[in-house]
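> My structure is stored as protein-v8.txt, with compact mmCIF, C-alpha atoms.
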# COMPACT_ATOMS: atom_id res chain seq x y z
CA MET A 1 145.83 -0.84 49.78
CA LYS A 2 149.32 -0.39 48.32
CA ASP A 3 148.19 3.01 47.10
CA LYS A 4 147.20 4.07 50.61
CA ILE A 5 150.50 2.92 52.09
CA SER A 6 152.46 5.06 49.64
CA ASN A 7 150.37 8.15 50.44
CA THR A 8 151.67 10.75 52.86
CA ASP A 9 149.64 11.57 55.96
CA PHE A 10 148.44 14.83 54.43
CA GLU A 11 147.30 13.05 51.25
CA LEU A 12 145.36 10.58 53.36
CA VAL A 13 143.76 13.44 55.30
CA ASN A 14 142.66 15.03 52.00
CA LYS A 15 141.17 11.73 50.85
CA VAL A 16 139.25 11.33 54.11
CA LEU A 17 137.91 14.87 53.70
CA ASN A 18 136.74 13.85 50.21
CA GLY A 19 134.74 11.01 51.71
CA ASP A 20 137.14 8.05 51.61
CA ASP A 21 136.91 6.75 55.19
CA SER A 22 139.12 3.75 54.45
CA CYS A 23 142.06 6.17 54.35
CA PHE A 24 141.33 7.06 57.95
CA GLU A 25 141.84 3.40 58.83
CA GLU A 26 145.32 3.65 57.30
CA LEU A 27 146.00 6.77 59.38
CA ILE A 28 144.91 4.91 62.53
CA ASN A 29 147.13 1.95 61.69
CA ARG A 30 150.09 4.25 61.11
CA HIS A 31 149.78 6.20 64.33
CA GLN A 32 148.07 3.89 66.81
CA SER A 33 151.31 2.78 68.46
CA LEU A 34 152.31 6.42 69.01
CA VAL A 35 148.97 7.13 70.69
CA ALA A 36 149.15 3.88 72.68
CA SER A 37 152.64 4.71 73.94
CA VAL A 38 151.78 8.24 75.02
CA ALA A 39 148.57 7.15 76.77
CA MET A 40 150.06 4.08 78.42
CA ASN A 41 153.18 5.87 79.67
CA MET A 42 151.09 8.73 81.01
CA LEU A 43 148.32 6.64 82.59
CA GLY A 44 149.93 3.28 83.38
CA ASP A 45 146.60 1.54 82.87
CA TRP A 46 145.97 -0.44 79.69
CA ASP A 47 142.15 -0.20 79.73
CA GLU A 48 142.22 3.52 80.31
CA ALA A 49 144.88 3.93 77.60
CA GLN A 50 142.67 2.10 75.09
CA GLU A 51 139.73 4.31 75.97
CA ILE A 52 141.90 7.38 75.45
CA GLY A 53 143.13 5.89 72.16
CA HIS A 54 139.55 5.66 70.88
CA GLN A 55 138.80 9.22 71.96
CA VAL A 56 141.97 10.57 70.33
CA PHE A 57 141.11 9.22 66.89
CA ILE A 58 137.43 10.16 67.16
CA ARG A 59 138.43 13.71 68.12
CA PHE A 60 140.97 13.80 65.28
CA TYR A 61 138.32 12.65 62.78
CA LYS A 62 135.89 15.33 63.94
CA SER A 63 138.52 18.06 63.70
CA LEU A 64 139.93 17.02 60.31
CA SER A 65 138.27 19.92 58.51
CA LYS A 66 139.97 22.33 60.94
CA PHE A 67 143.36 20.61 60.68
CA LYS A 68 145.62 23.33 59.24
CA ARG A 69 148.62 21.13 58.34
CA GLU A 70 150.96 23.43 60.26
CA ALA A 71 152.17 20.43 62.25
CA LYS A 72 152.72 16.81 61.31
CA VAL A 73 149.76 14.47 61.85
CA SER A 74 151.84 12.56 64.40
CA THR A 75 152.55 15.73 66.39
CA TYR A 76 148.88 16.72 66.28
CA LEU A 77 147.85 13.26 67.52
CA THR A 78 150.50 13.37 70.25
CA ARG A 79 149.12 16.69 71.44
CA ILE A 80 145.55 15.32 71.57
CA SER A 81 146.77 12.14 73.33
CA MET A 82 148.70 14.16 75.90
CA ASN A 83 145.80 16.54 76.60
CA LEU A 84 143.28 13.71 76.98
CA SER A 85 145.68 11.75 79.19
CA LEU A 86 146.24 14.78 81.43
CA ASN A 87 142.46 15.29 81.65
CA ALA A 88 142.04 11.63 82.61
CA LEU A 89 144.67 12.05 85.32
CA LYS A 90 142.82 15.09 86.66
CA ARG A 91 139.57 13.10 86.81
CA ARG A 92 141.41 10.26 88.51
CA LYS A 93 142.72 12.66 91.16
CA VAL A 94 139.21 13.83 91.93
CA TYR A 95 137.81 10.31 92.37
CA ALA A 96 140.83 8.46 93.76
CA PRO A 97 143.78 10.47 95.05
CA ARG A 98 147.08 8.98 93.88
CA SER A 99 149.46 7.39 96.33
CA TYR A 100 153.15 7.92 95.83
CA THR A 101 154.46 5.06 97.91
CA LEU A 102 156.47 2.26 96.38
CA GLU A 103 154.05 -0.34 97.72
CA HIS A 104 151.07 1.31 96.08
CA ALA A 105 152.89 1.59 92.78
CA GLY A 106 153.47 -2.17 92.93
CA LEU A 107 157.20 -1.74 92.59
CA VAL A 108 158.19 -3.86 95.56
CA TYR A 109 156.16 -6.85 94.43
CA GLN A 110 158.14 -7.47 91.27
CA SER A 111 159.46 -10.98 91.72
CA ASP A 112 161.28 -11.26 88.41
CA LEU A 113 163.46 -8.18 88.69
CA SER A 114 166.78 -8.46 86.96
CA THR A 115 169.66 -6.26 88.07
CA ASP A 116 169.67 -4.26 84.85
CA ILE A 117 165.95 -3.46 85.27
CA ALA A 118 165.14 -4.69 81.79
CA ASN A 119 161.54 -4.66 82.79
CA LYS A 120 159.06 -2.61 80.84
CA GLU A 121 156.39 -2.89 83.48
CA LEU A 122 158.73 -1.80 86.22
CA ILE A 123 159.78 1.31 84.34
CA ASN A 124 156.15 2.09 83.58
CA LYS A 125 155.31 1.87 87.26
CA GLY A 126 158.29 4.07 88.04
CA LEU A 127 157.01 6.61 85.51
CA GLN A 128 153.60 6.62 87.22
CA MET A 129 155.29 7.76 90.42
CA LEU A 130 156.66 10.90 88.77
CA GLU A 131 154.67 14.10 88.93
CA GLU A 132 152.59 14.62 85.80
CA LYS A 133 154.66 17.61 84.67
CA HIS A 134 157.83 15.50 84.77
CA ARG A 135 156.20 12.39 83.34
CA SER A 136 154.82 14.26 80.34
CA VAL A 137 158.24 15.67 79.47
CA VAL A 138 160.03 12.33 79.96
CA THR A 139 157.38 10.59 77.83
CA LEU A 140 157.62 13.01 74.94
CA ARG A 141 161.34 13.72 75.06
CA MET A 142 162.84 10.36 76.01
CA ILE A 143 160.24 7.79 74.92
CA GLN A 144 158.63 9.38 71.87
CA GLY A 145 161.88 11.00 70.77
CA TYR A 146 160.61 14.55 70.19
CA ASP A 147 163.26 17.23 70.43
CA THR A 148 163.13 19.94 73.08
CA ILE A 149 161.39 22.52 70.88
CA GLU A 150 158.73 20.05 69.70
CA THR A 151 158.13 18.94 73.29
CA ALA A 152 157.79 22.57 74.37
CA ASN A 153 155.27 23.23 71.57
CA ILE A 154 153.19 20.14 72.35
CA LEU A 155 153.00 20.95 76.05
CA GLY A 156 152.76 24.71 75.58
CA ILE A 157 155.66 25.46 77.93
CA PRO A 158 159.00 27.27 77.42
CA LYS A 159 162.04 25.37 76.15
CA GLY A 160 163.95 26.01 79.39
CA THR A 161 161.13 24.48 81.42
CA VAL A 162 161.28 21.34 79.27
CA LEU A 163 164.99 20.99 79.96
CA SER A 164 164.68 21.51 83.70
CA ARG A 165 161.69 19.16 84.01
CA LEU A 166 163.50 16.54 81.96
CA LYS A 167 166.56 16.67 84.20
CA ARG A 168 164.43 16.53 87.33
CA GLY A 169 162.24 13.76 85.92
CA ILE A 170 165.14 11.52 84.94
CA ASP A 171 166.86 12.06 88.30
CA LYS A 172 163.66 11.22 90.19
CA LEU A 173 163.01 8.16 88.04
CA LYS A 174 166.52 6.89 88.73
CA VAL A 175 166.00 7.30 92.47
CA ILE A 176 162.61 5.54 92.30
CA LEU A 177 164.01 2.58 90.36
CA ILE A 178 167.12 2.26 92.54
CA THR A 179 164.96 2.39 95.68
CA ALA A 180 162.69 -0.28 94.24
CA LEU A 181 165.68 -2.52 93.58
CA LYS A 182 166.97 -2.02 97.12
CA TYR A 183 163.53 -2.95 98.47
CA GLU A 184 163.58 -6.09 96.37
CA HIS A 185 166.99 -7.18 97.55
CA THR A 186 166.42 -6.60 101.27
CA MET B 1 172.33 2.68 87.20
CA SER B 2 173.66 5.03 84.54
CA THR B 3 171.54 7.73 82.97
CA HIS B 4 172.53 6.43 79.54
CA LYS B 5 171.21 2.96 80.36
CA LEU B 6 167.95 4.37 81.68
CA GLU B 7 167.55 6.51 78.57
CA ASN B 8 168.00 3.44 76.37
CA GLN B 9 165.43 1.53 78.38
CA LEU B 10 162.96 4.40 78.18
CA LYS B 11 163.15 4.20 74.40
CA GLU B 12 161.84 0.63 74.71
CA GLN B 13 158.64 1.82 76.44
CA GLN B 14 156.57 1.48 73.27
CA TYR B 15 153.07 0.00 73.16
CA THR B 16 150.62 -1.03 70.45
CA PHE B 17 146.86 -1.44 70.57
CA TYR B 18 145.25 -4.72 69.50
CA ALA B 19 144.79 -5.88 65.90
CA ASN B 20 141.23 -4.69 65.21
CA PHE B 21 141.66 -1.36 66.99
CA ALA B 22 141.21 0.63 63.76
CA THR B 23 137.96 -1.19 62.93
CA GLU B 24 136.57 -0.48 66.39
CA VAL B 25 137.51 3.19 66.17
CA LEU B 26 135.78 3.50 62.78
CA GLU B 27 132.65 1.87 64.23
CA GLY B 28 132.80 4.35 67.12
CA ILE B 29 133.08 7.24 64.64
CA ARG B 30 130.06 5.96 62.67
CA ARG B 31 128.07 5.75 65.89
CA GLU B 32 129.11 9.27 66.88
CA ILE B 33 128.27 10.93 63.56
CA THR B 34 124.93 9.16 63.00
CA PRO B 35 122.05 11.29 64.39
CA ILE B 36 120.57 9.63 67.47
CA PHE B 37 117.14 9.05 65.89
CA LEU B 38 118.70 7.28 62.90
CA ARG B 39 120.63 4.75 64.98
CA PRO B 40 119.20 1.22 64.48
CA ARG B 41 118.30 0.83 68.13
CA TRP B 42 116.31 4.06 68.24
CA LEU B 43 114.71 3.36 64.85
CA PHE B 44 113.48 -0.01 66.11
CA LEU B 45 112.22 1.51 69.39
CA GLY B 46 110.43 4.30 67.50
CA LEU B 47 108.74 1.78 65.22
CA ALA B 48 107.69 -0.41 68.16
CA ALA B 49 106.30 2.60 70.04
CA SER B 50 104.27 3.69 66.97
CA VAL B 51 102.71 0.22 66.62
CA VAL B 52 101.79 0.14 70.32
CA LEU B 53 100.21 3.62 70.11
CA CYS B 54 98.16 2.56 67.06
CA MET B 55 96.94 -0.56 68.89
CA VAL B 56 95.97 1.47 71.96
CA SER B 57 94.13 3.96 69.76
CA VAL B 58 92.22 1.17 67.98
CA TYR B 59 91.34 -0.50 71.28
CA MET B 60 90.04 2.77 72.73
CA GLN B 61 87.85 3.39 69.68
CA ASP B 62 86.49 -0.09 69.12
CA GLY B 63 86.90 -1.82 72.48
CA ASN B 64 88.68 -4.80 70.96
CA LEU B 65 91.73 -5.62 68.91
CA SER B 66 90.26 -7.90 66.24
CA ILE B 67 91.57 -7.89 62.69
CA ASP B 68 88.38 -6.07 61.60
CA ALA B 69 88.97 -3.35 64.19
CA ILE B 70 92.58 -2.93 63.08
CA LEU B 71 91.48 -2.76 59.42
CA GLY B 72 88.66 -0.34 60.29
CA LEU B 73 85.89 -2.78 59.27
CA SER B 74 84.34 -3.46 62.69
CA GLU B 75 81.27 -1.31 62.01
CA TYR B 76 80.80 -2.65 58.54
CA ASN B 77 77.85 -4.92 57.86
CA GLU B 78 75.71 -5.75 54.88
CA MET B 79 72.61 -3.88 56.14
CA THR B 80 74.37 -0.59 56.78
CA ASN B 81 75.83 -0.83 53.34
CA TYR B 82 72.40 -1.55 51.86
CA TYR B 83 70.72 1.44 53.59
CA ARG B 84 73.46 3.71 52.40
CA TYR B 85 72.87 2.42 48.88
CA VAL B 86 69.10 2.97 49.17
CA GLN B 87 69.54 6.52 50.46
CA LEU B 88 71.69 7.35 47.48
Would you mind writing the file out in structure tokens?

Amino acid sequence: MKDKISNTDFELVNKVLNGDDSCFEELINRHQSLVASVAMNMLGDWDEAQEIGHQVFIRFYKSLSKFKREAKVSTYLTRISMNLSLNALKRRKVYAPRSYTLEHAGLVYQSDLSTDIANKELINKGLQMLEEKHRSVVTLRMIQGYDTIETANILGIPKGTVLSRLKRGIDKLKVILITALKYEHT
Amino acid sequence: MSTHKLENQLKEQQYTFYANFATEVLEGIRREITPIFLRPRWLFLGLAASVVLCMVSVYMQDGNLSIDAILGLSEYNEMTNYYRYVQL
């Protein structure tokens, strides 16, 4: 076990390709919180995020032989998580069109709001009210800590677009959260 | 609300799956890569279907499902055996 912990991600990938599946378990343990965070911040639904989490690692396992090691394992997993989350959002739109009102997002029913909005759930609900293009950039850039170029590569958009969407996303999120607080206090 | 404060709070939006998540994923992978006909459920169903088909076949040939019929001994009797012996 100690041996696996000291291995780099690429070494673990090589071991999995040589038939040692227990190394894949170590890879899952290393990166599961990254996948969970991307999926949960994009989808806002824990059950759906878990389902996406399973699919991400299964897809990663199946594509290991094609993994070219041009990007870090974490970046590759982030890209898969983001793509699957966006696909899930598209499916959701088809079956249940999203509502953008504060009431539907559940923001006005928060009874334990503190003035500094130190409320993870509240921020998550605020994120769900952003458009997907803004939410994906805010998730990668601000929550996952990728830089602008990495974010642009993961999403397949130009660097300038990342910057403009980030600015717009943060501004909108601020408005949403401030509005929610006003609702709560009136 | 300052942008700086919001940015700090966004950094806190981290989540983790449950403890046995990795085990469940590995089980899912095993299920996915095992050919459908080799999965225990399908193996068991295949075996059960074969037994039922054999029983139906025996019943249609012999009209009953006795142990003798299943073992192919329903038409066996001492006299038949004797005549065969005499003919030889």
> Hey, what's within 9 Å of Phe37 (chain B) if we count only C-alpha atoms and toss same-chain stuff fewer than 5 positions away? As a list in words, please?
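Counting only C-alpha atoms, the residues come to Trp42, Leu43 and Gly46 of chain B.
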> Would you mind exporting C-alpha atoms of the selected residues as an mmCIF file, keeping the file's coordinate frame?

data_model
loop_
_atom_site.group_PDB
_atom_site.id
_atom_site.type_symbol
_atom_site.label_atom_id
_atom_site.label_comp_id
_atom_site.auth_asym_id
_atom_site.auth_seq_id
_atom_site.Cartn_x
_atom_site.Cartn_y
_atom_site.Cartn_z
ATOM 1 C CA TRP B 42 116.310 4.060 68.240
ATOM 2 C CA LEU B 43 114.710 3.360 64.850
ATOM 3 C CA GLY B 46 110.430 4.300 67.500
#
> At a cut-off of 8 Å, list the chain A residues touching chain B, using only C-alpha atoms, as a PyMOL selection string.
chain A and resi 25+28-29+32-34+36-37+40-41+50+54+57-58+61+116+118+120+123-124+142-145+170+174+178
> Quick check, in Å to one decimal: how far apart do CA of Lys159 (chain A) and CA of Val137 (chain A) lie?
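Between these atoms lies a distance of 10.9 Å.
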> Go ahead and compute the interatomic distance for CA of Leu84 (chain A) and CA of Ile176 (chain A), in Å to one decimal.
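Value for the CA of Leu84 (chain A)-CA of Ile176 (chain A) distance: 26.0 Å.
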> I want to know what sits within 7 Å of Leu177 (chain A), based on all atoms listed in the file, with residues of the same chain fewer than 4 positions away left out; could you give that as a list in words?
Gly126, Leu173 and Leu181 of chain A
> Residues at most 12 Å from Gln61 (chain B), counting only C-alpha atoms, excluding those fewer than 3 positions away in the same chain, as a list in words?
Cys54, Met55, Val56, Ser57, Val58, Asn64, Leu65, Ala69, Ile70, Gly72, Ser74 and Glu75 of chain B
> Counting only C-alpha atoms, which of A:Leu27, A:Leu77, A:Leu122, A:Ile149 gets nearest to Ser63 (chain A)?
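The shortest atom-to-atom distance to Ser63 (chain A) comes from A:Leu77.
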> Quick one: distance from CA of Arg91 (chain A) to CA of Ile157 (chain A) in Å, one decimal?
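Going from CA of Arg91 (chain A) over to CA of Ile157 (chain A) covers 22.1 Å.
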> Within 12 Å of Asp45 (chain A), counting all atoms listed in the file, which residues qualify if same-chain residues fewer than 2 places away don't, as a short mmCIF file (atom, residue, chain, number, x, y, z; two decimals) with C-alpha atoms, in the frame of the given file?

data_model
loop_
_atom_site.label_atom_id
_atom_site.label_comp_id
_atom_site.auth_asym_id
_atom_site.auth_seq_id
_atom_site.Cartn_x
_atom_site.Cartn_y
_atom_site.Cartn_z
CA ALA A 36 149.15 3.88 72.68
CA SER A 37 152.64 4.71 73.94
CA VAL A 38 151.78 8.24 75.02
CA ALA A 39 148.57 7.15 76.77
CA MET A 40 150.06 4.08 78.42
CA ASN A 41 153.18 5.87 79.67
CA MET A 42 151.09 8.73 81.01
CA LEU A 43 148.32 6.64 82.59
CA ASP A 47 142.15 -0.20 79.73
CA GLU A 48 142.22 3.52 80.31
CA ALA A 49 144.88 3.93 77.60
CA GLN A 50 142.67 2.10 75.09
CA GLU A 51 139.73 4.31 75.97
CA ILE A 52 141.90 7.38 75.45
CA SER A 85 145.68 11.75 79.19
CA ALA A 88 142.04 11.63 82.61
CA LEU A 89 144.67 12.05 85.32
CA ARG A 92 141.41 10.26 88.51
CA ALA A 105 152.89 1.59 92.78
CA GLU A 121 156.39 -2.89 83.48
CA ASN A 124 156.15 2.09 83.58
CA LYS A 125 155.31 1.87 87.26
CA LEU A 127 157.01 6.61 85.51
CA GLN A 128 153.60 6.62 87.22
CA TYR B 15 153.07 0.00 73.16
#
> With only C-alpha atoms as the atoms that count, which of A:Asp20, A:Leu86, A:Trp46, A:Lys72 lies nearest to Thr8 (chain A)?
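Closest residue, counting only C-alpha atoms: A:Lys72.
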